[in-house]
Amino acid sequence: MARKLYRKLMDPKDALELLLDEVKLINKSPIGSEEIKTVNAGGRIASKNIIAKITCPNFQSSAMDGYALVAKSTKEASVHSPLRINKDKFIEVDTGDFIPHPFDCVVMVEKTRQNPDGSITIFEAMHPGENIRLIGEDFNPGEIVVYGGQEISTFEIMSLLATGNDIVTVNKRPRAVIIATGDEITNSYENLDKNMYFNFNGPAISYFLKEHKAIVEETPILPDNIKVLQEYLNKYSEFDLILMIGGSSFGRDDYTASILEENGKLLAHGVYLRPGKPVILGSINKSIFIGLPGYSAACAVILDYFVKPVLNTMTGKVEFTKKSPVSIYKPITSSSGEEERIRGQVAKIKDKIYFYPLNRSSSSVSSLLYADGICILEKGIQGSTEQESFDFIFWRKEDLSENSIVVLGSNDPLLPYISSKLYKDFKLRIVSSPSGSLAGIASLKDGLCHVAATHLFDSETGEYNIPFILKYFDKGDTILVMLAYRQQGMMVKKGNPFNVQSLEDIVSKGLRIVNRQKGAGTRVLLDYEMNKLGIKPSQILGYENEVFTHYAAATSILSSVADVAFGIQYTADFLGLDFIPWKKENFELCICKNSLNDPKILSLIDLIKSKSFIDANLNFSGYDFSDTGKIREV
């Protein structure tokens, strides 16, 4: 089937007005609780930390519609020198399709040209991992999904199910039906090894509807078959609201818009909104019909923007949206032609509220779990600075902006456990954004965070962190709190199939790497080791391919888009990789002395210095806690 285009792209505000007018036109304006599994959970309090049991996503997949290739084979391609790829050297993929070995990148279909002989022409070189969702991109087993004492809500349900936690407790009036579609969706965890996704969107949406007074019914997961979909639409013709998950874009198997156009009223197919562009709005058989995007974050935005107002109109509920002005802590860019709603967290530093964006991918489940709400970039805004103020809409019931400790810079697996303990004991939490050690120190200097996490090695003095901090602060302005010594090195697949022992092996064997971002302590250490050996960046394939966390580096190995990555031993051991050690490093927290009268900061320092914290984390391989809590004057 040929790919389809959006039929009726609209401004989202105009589309919402049309939809609410339709609710009134079909006379739908105006029309408890029980214990269940996580599939219907919500509004309850978790009694302890709930840990991820499975990875999410559980297989590497395409992030775009296009063609899967081997990145190495595209290195000669450019706009001025297009490259022809024979049909036996690529496979056609849709968004979400499994990417088999040896393919390690996806070129977007709109950046190619199809040739009569079945080959394609590409116009730019690709790097390993480009346009691919990696294994464990959102979650890995053992990570905290929900804290003890935390309320379970829409996105907690989604994240719990996505990570293999299927037992929790919940709560429940227009009649609404959720129709889930997709040959790649399953309701059984046993099918996950067949390159299928667990149906965590459907049950989460079900809770959202119940939370807004709807009586909800869900269909079995339906195949991508136009006749079957039409049968189910007829079956639920007496319902007030029909929600269909998936099929709203224009992939080869997306039929929803054509069904609605032929059997009902198509008001909009696509809106200038990001994420959430591929939404379908209309009516059929006296029912309001909304086709939801399959990607979780896009789906969430559509629930908030369109579904909630429809339910409020049907129930007669009056609801006011709480908006607050926030400053974005670092410049961001956006599309000028679309309104963008960016998920993120908010925190108060001195007298100003800052917004810290989370993963902006429309598929990110974790960004929904951690988000306090969304920051709105209106249509026409292409860029911003941290000085600008934007509207922020709270999604959470509680405002934790004044109870947040912002830690910028390097990332470390211990930080979520510190945040968990702070939340349980003090109702405090850590807001963290991995930006690299050097960027963290700069942000601390600019007053954009409370703490900078750093592990920067100075090759001239052989010292960690202090030489870099003194480039930004005067002597005596800051302290360093030791979190732990960590073992840094190289990560490879189990069994070390390429027998990597040194950086020279990477060069001599032509192996692929993923690097960390500029200013990251791991990147600084890598550059130091390369410089010692006289290795230039141009000699290493993938040097410019950057990720922001140790987990992202490790999952690049699991996803076979890299052969070697750089990070800490704990991450390698945790994910079952082999590890070649380099150097034990100082991972420290830099804090301004003038913050030491802040009760939040004192609670953080006291926790790190406590024996209970050290004892609880002694099983972290590659960590040395002998000086944890020790304070150094800078």
# chains A, B, ... in the order shown; residues from 1 in each chain; ligands from 1
>>> residues_around(residues="A:Ser206", least_positions_apart="4", cutoff="12 Å", atoms="only C-alpha atoms", output="ChimeraX atom specification")
/A:38-42,153-155,157-158,170-172,175-180,199-202,210-219,242-245,303,307
>>> write_last_selection(atoms="C-alpha atoms", output="compact mmCIF listing (two decimals), in the first residue's frame")
# COMPACT_ATOMS: atom_id res chain seq x y z
CA THR A 38 -1.96 -2.26 37.36
CA VAL A 39 -3.80 -2.24 34.03
CA ASN A 40 -6.42 -0.11 35.79
CA ALA A 41 -4.26 1.40 38.54
CA GLY A 42 -4.32 5.00 39.68
CA SER A 153 -1.35 8.07 38.23
CA THR A 154 -1.71 7.87 34.44
CA PHE A 155 1.95 7.83 33.55
CA ILE A 157 0.61 3.04 35.25
CA MET A 158 2.13 3.26 31.80
CA VAL A 170 -6.64 1.52 41.74
CA ASN A 171 -10.12 3.37 41.41
CA LYS A 172 -13.81 4.62 38.18
CA ARG A 175 -19.30 5.50 27.89
CA ALA A 176 -15.97 5.27 26.17
CA VAL A 177 -14.28 2.45 24.30
CA ILE A 178 -10.58 2.08 23.60
CA ILE A 179 -9.70 0.22 20.42
CA ALA A 180 -6.04 -0.79 20.35
CA ASN A 199 0.22 -2.86 25.44
CA PHE A 200 1.02 -0.28 28.11
CA ASN A 201 -0.72 2.63 26.33
CA GLY A 202 -4.22 1.12 26.39
CA LYS A 210 -11.96 6.82 34.42
CA GLU A 211 -10.21 9.66 36.21
CA HIS A 212 -12.41 11.97 34.15
CA LYS A 213 -15.66 10.11 35.00
CA ALA A 214 -15.97 7.84 31.94
CA ILE A 215 -17.12 4.21 31.98
CA VAL A 216 -14.51 2.44 29.94
CA GLU A 217 -14.40 -0.65 27.78
CA GLU A 218 -11.33 -1.94 25.96
CA THR A 219 -11.29 -4.22 22.94
CA ILE A 242 -14.40 6.03 20.64
CA LEU A 243 -10.64 6.17 21.05
CA MET A 244 -8.44 4.25 18.64
CA ILE A 245 -4.77 3.79 19.51
CA LEU A 303 -5.25 13.13 25.85
CA VAL A 307 -9.77 14.10 25.15
>>> closest_atom_pairs(of="stretch 84-117 of chain A", to="stretch 54-64 of chain A", cutoff="12 Å", atoms="only C-alpha atoms", output="CSV")
residue,atom,partner,partner_atom,distance
A:Ile91,CA,A:Ser62,CA,11.3
A:Glu92,CA,A:Ser62,CA,10.2
A:Val93,CA,A:Ser62,CA,6.9
A:Asp94,CA,A:Met64,CA,6.4
A:Thr95,CA,A:Met64,CA,4.5
A:Gly96,CA,A:Ser62,CA,5.0
A:Asp97,CA,A:Ser61,CA,5.2
A:Phe98,CA,A:Ser61,CA,4.4
A:Ile99,CA,A:Ser61,CA,5.2
A:Pro100,CA,A:Gln60,CA,8.1
A:His101,CA,A:Gln60,CA,9.9
A:Pro102,CA,A:Gln60,CA,11.9
A:Phe103,CA,A:Gln60,CA,10.5
A:Asp104,CA,A:Gln60,CA,9.4
A:Cys105,CA,A:Ser62,CA,8.2
A:Val106,CA,A:Ser62,CA,6.6
A:Val107,CA,A:Met64,CA,7.9
A:Met108,CA,A:Met64,CA,6.1
A:Val109,CA,A:Met64,CA,8.1
A:Glu110,CA,A:Met64,CA,10.1
A:Lys111,CA,A:Met64,CA,11.3
>>> closest_residue(among="A:Ala439, A:Leu607, A:Ile568, A:Ala268", to="A:Met491", atoms="only C-alpha atoms")
A:Ile568
>>> select_by_dssp(residues="stretch 330-522 of chain A", states="strand (DSSP E)", output="number ranges by chain")
A: 339-349, 352-357, 373-377, 389-394, 404-409, 429-434, 451-454, 478-492, 513-516
>>> atom_distance(atom1="atom CA of A:Glu338", atom2="atom CA of A:Ser433")
25.4 Å
>>> atom_distance(atom1="atom CA of A:Ser443", atom2="atom CA of A:Tyr417")
23.1 Å
>>> residues_around(residues="stretch 471-486 of chain A", least_positions_apart="5", cutoff="7 Å", atoms="only C-alpha atoms", output="compact mmCIF listing (two decimals) with C-alpha atoms, in the first residue's frame")
# COMPACT_ATOMS: atom_id res chain seq x y z
CA ALA A 442 29.17 26.38 34.42
CA LYS A 445 28.25 29.42 38.40
CA ILE A 568 31.76 2.94 34.48
CA LYS A 584 39.57 4.98 39.19
CA GLU A 585 38.06 8.47 39.32
CA ASN A 586 36.64 10.90 41.88
CA PHE A 587 32.90 11.43 41.43
CA GLU A 588 32.10 14.50 43.56
CA LEU A 589 29.33 17.01 44.10
CA CYS A 590 30.32 20.67 43.87
CA ILE A 591 28.28 23.01 46.08
CA CYS A 592 28.57 26.76 46.64
CA LYS A 593 29.37 27.67 50.22
CA GLY A 622 33.26 -0.75 40.53
CA TYR A 623 32.55 1.71 43.37
CA ASP A 624 34.79 2.53 46.33
CA PHE A 625 32.87 4.16 49.20
CA ASP A 627 35.75 8.37 51.38
CA THR A 628 32.02 8.85 50.71
CA GLY A 629 30.79 12.01 52.47
CA LYS A 630 34.28 13.46 52.79
CA ILE A 631 34.35 17.22 52.12
CA ARG A 632 37.17 19.01 50.30
CA GLU A 633 37.63 22.77 50.32
CA VAL A 634 38.14 24.24 46.85
>>> closest_residue(among="A:Ala71, A:Ile349, A:Ile226, A:Ile405", to="A:Gly447", atoms="only C-alpha atoms")
A:Ile349
>>> residues_around(residues="stretch 72-86 of chain A", least_positions_apart="2", cutoff="6 Å", atoms="only C-alpha atoms", output="NGL selection string")
:A and (70 or 88-89 or 119-125)
>>> write_last_selection(atoms="C-alpha atoms", output="compact mmCIF listing (two decimals), in the first residue's frame")
# COMPACT_ATOMS: atom_id res chain seq x y z
CA VAL A 70 24.90 -0.21 7.62
CA ASP A 88 20.31 -6.03 -1.24
CA LYS A 89 22.10 -3.57 1.07
CA SER A 119 17.97 0.77 -5.39
CA ILE A 120 17.90 4.02 -3.44
CA THR A 121 20.08 7.12 -3.49
CA ILE A 122 21.07 8.86 -0.25
CA PHE A 123 22.48 12.36 0.15
CA GLU A 124 24.29 12.29 3.49
CA ALA A 125 26.48 9.94 5.48
>>> closest_residue(among="A:Ile376, A:Ile26, A:Leu273, A:Leu511", to="A:Asn285", atoms="only C-alpha atoms")
A:Ile26
>>> select_by_dssp(residues="stretch 216-375 of chain A", states="helix (DSSP H, G or I)", output="compact mmCIF listing (two decimals) with N, CA and C atoms, in the first residue's frame")
# COMPACT_ATOMS: atom_id res chain seq x y z
N ILE A 226 -8.50 -3.55 7.79
CA ILE A 226 -9.55 -2.53 7.66
C ILE A 226 -10.94 -3.10 7.93
N LYS A 227 -11.21 -4.33 7.54
CA LYS A 227 -12.53 -4.93 7.76
C LYS A 227 -12.78 -5.18 9.24
N VAL A 228 -11.76 -5.67 9.94
CA VAL A 228 -11.90 -5.93 11.38
C VAL A 228 -12.15 -4.62 12.12
N LEU A 229 -11.41 -3.58 11.76
CA LEU A 229 -11.59 -2.28 12.42
C LEU A 229 -13.00 -1.74 12.19
N GLN A 230 -13.51 -1.88 10.99
CA GLN A 230 -14.88 -1.41 10.70
C GLN A 230 -15.91 -2.19 11.50
N GLU A 231 -15.72 -3.48 11.66
CA GLU A 231 -16.64 -4.30 12.46
C GLU A 231 -16.70 -3.79 13.90
N TYR A 232 -15.56 -3.47 14.48
CA TYR A 232 -15.54 -3.01 15.87
C TYR A 232 -16.11 -1.60 16.01
N LEU A 233 -15.93 -0.77 15.02
CA LEU A 233 -16.54 0.56 15.06
C LEU A 233 -18.06 0.44 15.05
N ASN A 234 -18.61 -0.47 14.28
CA ASN A 234 -20.06 -0.72 14.26
C ASN A 234 -20.54 -1.29 15.59
N LYS A 235 -19.76 -2.18 16.16
CA LYS A 235 -20.12 -2.81 17.43
C LYS A 235 -20.29 -1.79 18.54
N THR A 256 -7.00 4.41 9.70
CA THR A 256 -8.03 5.05 10.50
C THR A 256 -8.69 6.24 9.82
N ALA A 257 -7.89 7.13 9.25
CA ALA A 257 -8.46 8.33 8.62
C ALA A 257 -9.40 7.98 7.48
N SER A 258 -9.02 7.00 6.66
CA SER A 258 -9.87 6.63 5.53
C SER A 258 -11.18 6.00 6.00
N ILE A 259 -11.13 5.22 7.09
CA ILE A 259 -12.36 4.63 7.64
C ILE A 259 -13.32 5.72 8.09
N LEU A 260 -12.76 6.70 8.83
CA LEU A 260 -13.60 7.79 9.35
C LEU A 260 -14.15 8.64 8.20
N GLU A 261 -13.35 8.89 7.21
CA GLU A 261 -13.77 9.73 6.09
C GLU A 261 -14.91 9.06 5.31
N GLU A 262 -14.87 7.73 5.21
CA GLU A 262 -15.88 7.00 4.44
C GLU A 262 -17.15 6.71 5.23
N ASN A 263 -17.03 6.59 6.57
CA ASN A 263 -18.17 6.16 7.37
C ASN A 263 -18.68 7.20 8.36
N SER A 296 3.87 7.03 22.98
CA SER A 296 3.29 7.34 24.29
C SER A 296 3.24 8.83 24.61
N ALA A 297 4.33 9.56 24.37
CA ALA A 297 4.34 10.99 24.70
C ALA A 297 3.38 11.77 23.81
N ALA A 298 3.33 11.43 22.51
CA ALA A 298 2.38 12.08 21.60
C ALA A 298 0.95 11.78 22.03
N CYS A 299 0.72 10.55 22.41
CA CYS A 299 -0.60 10.14 22.88
C CYS A 299 -1.00 10.94 24.12
N ALA A 300 -0.05 11.13 25.04
CA ALA A 300 -0.32 11.86 26.28
C ALA A 300 -0.73 13.31 26.02
N VAL A 301 -0.05 13.95 25.08
CA VAL A 301 -0.38 15.35 24.75
C VAL A 301 -1.79 15.44 24.17
N ILE A 302 -2.18 14.48 23.33
CA ILE A 302 -3.52 14.49 22.73
C ILE A 302 -4.59 14.23 23.80
N LEU A 303 -4.31 13.34 24.74
CA LEU A 303 -5.25 13.13 25.85
C LEU A 303 -5.52 14.44 26.59
N ASP A 304 -4.46 15.17 26.87
CA ASP A 304 -4.59 16.42 27.63
C ASP A 304 -5.25 17.51 26.80
N TYR A 305 -4.87 17.60 25.52
CA TYR A 305 -5.33 18.71 24.68
C TYR A 305 -6.76 18.51 24.17
N PHE A 306 -7.11 17.27 23.78
CA PHE A 306 -8.41 17.03 23.14
C PHE A 306 -9.36 16.16 23.96
N VAL A 307 -8.87 15.04 24.49
CA VAL A 307 -9.77 14.10 25.15
C VAL A 307 -10.35 14.67 26.43
N LYS A 308 -9.53 15.28 27.26
CA LYS A 308 -10.02 15.84 28.52
C LYS A 308 -11.09 16.90 28.32
N PRO A 309 -10.92 17.89 27.40
CA PRO A 309 -12.00 18.84 27.16
C PRO A 309 -13.29 18.20 26.67
N VAL A 310 -13.17 17.15 25.84
CA VAL A 310 -14.37 16.45 25.36
C VAL A 310 -15.11 15.82 26.53
N LEU A 311 -14.38 15.11 27.41
CA LEU A 311 -15.01 14.49 28.57
C LEU A 311 -15.60 15.53 29.51
N ASN A 312 -14.90 16.63 29.71
CA ASN A 312 -15.42 17.69 30.57
C ASN A 312 -16.71 18.28 30.00
N THR A 313 -16.75 18.43 28.68
CA THR A 313 -17.98 18.94 28.04
C THR A 313 -19.11 17.94 28.19
N MET A 314 -18.81 16.65 28.04
CA MET A 314 -19.83 15.62 28.16
C MET A 314 -20.35 15.48 29.59
N THR A 315 -19.48 15.64 30.58
CA THR A 315 -19.89 15.48 31.99
C THR A 315 -20.34 16.80 32.61
N SER A 366 9.49 7.33 29.85
CA SER A 366 10.09 7.84 31.08
C SER A 366 9.87 9.34 31.24
N SER A 367 9.83 10.09 30.13
CA SER A 367 9.61 11.54 30.23
C SER A 367 8.23 11.85 30.80
N LEU A 368 7.27 10.94 30.59
CA LEU A 368 5.94 11.12 31.14
C LEU A 368 5.93 10.82 32.64
N LEU A 369 6.66 9.79 33.02
CA LEU A 369 6.72 9.42 34.43
C LEU A 369 7.32 10.53 35.27
N TYR A 370 8.41 11.10 34.80
CA TYR A 370 9.15 12.07 35.60
C TYR A 370 8.64 13.50 35.45
>>> residues_around(residues="A:Arg523", least_positions_apart="6", cutoff="12 Å", atoms="only C-alpha atoms", output="ChimeraX atom specification")
/A:410,435-438,455-457,488-490,514-517,529-530,537,543-550,553,565-567
>>> closest_residue(among="A:Lys53, A:Leu533, A:Ala347, A:Lys600", to="A:Glu504", atoms="only C-alpha atoms")
A:Leu533
>>> atom_distance(atom1="atom CA of A:Ala204", atom2="atom CA of A:Ile152")
10.9 Å
>>> residues_around(residues="A:Glu402", least_positions_apart="4", cutoff="12 Å", atoms="only C-alpha atoms", output="PyMOL selection string")
chain A and resi 345-354+398+406+427-431+598-600
>>> closest_residue(among="A:Lys87, A:Leu470, A:Lys609, A:Pro434", to="A:Lys518", atoms="only C-alpha atoms")
A:Pro434
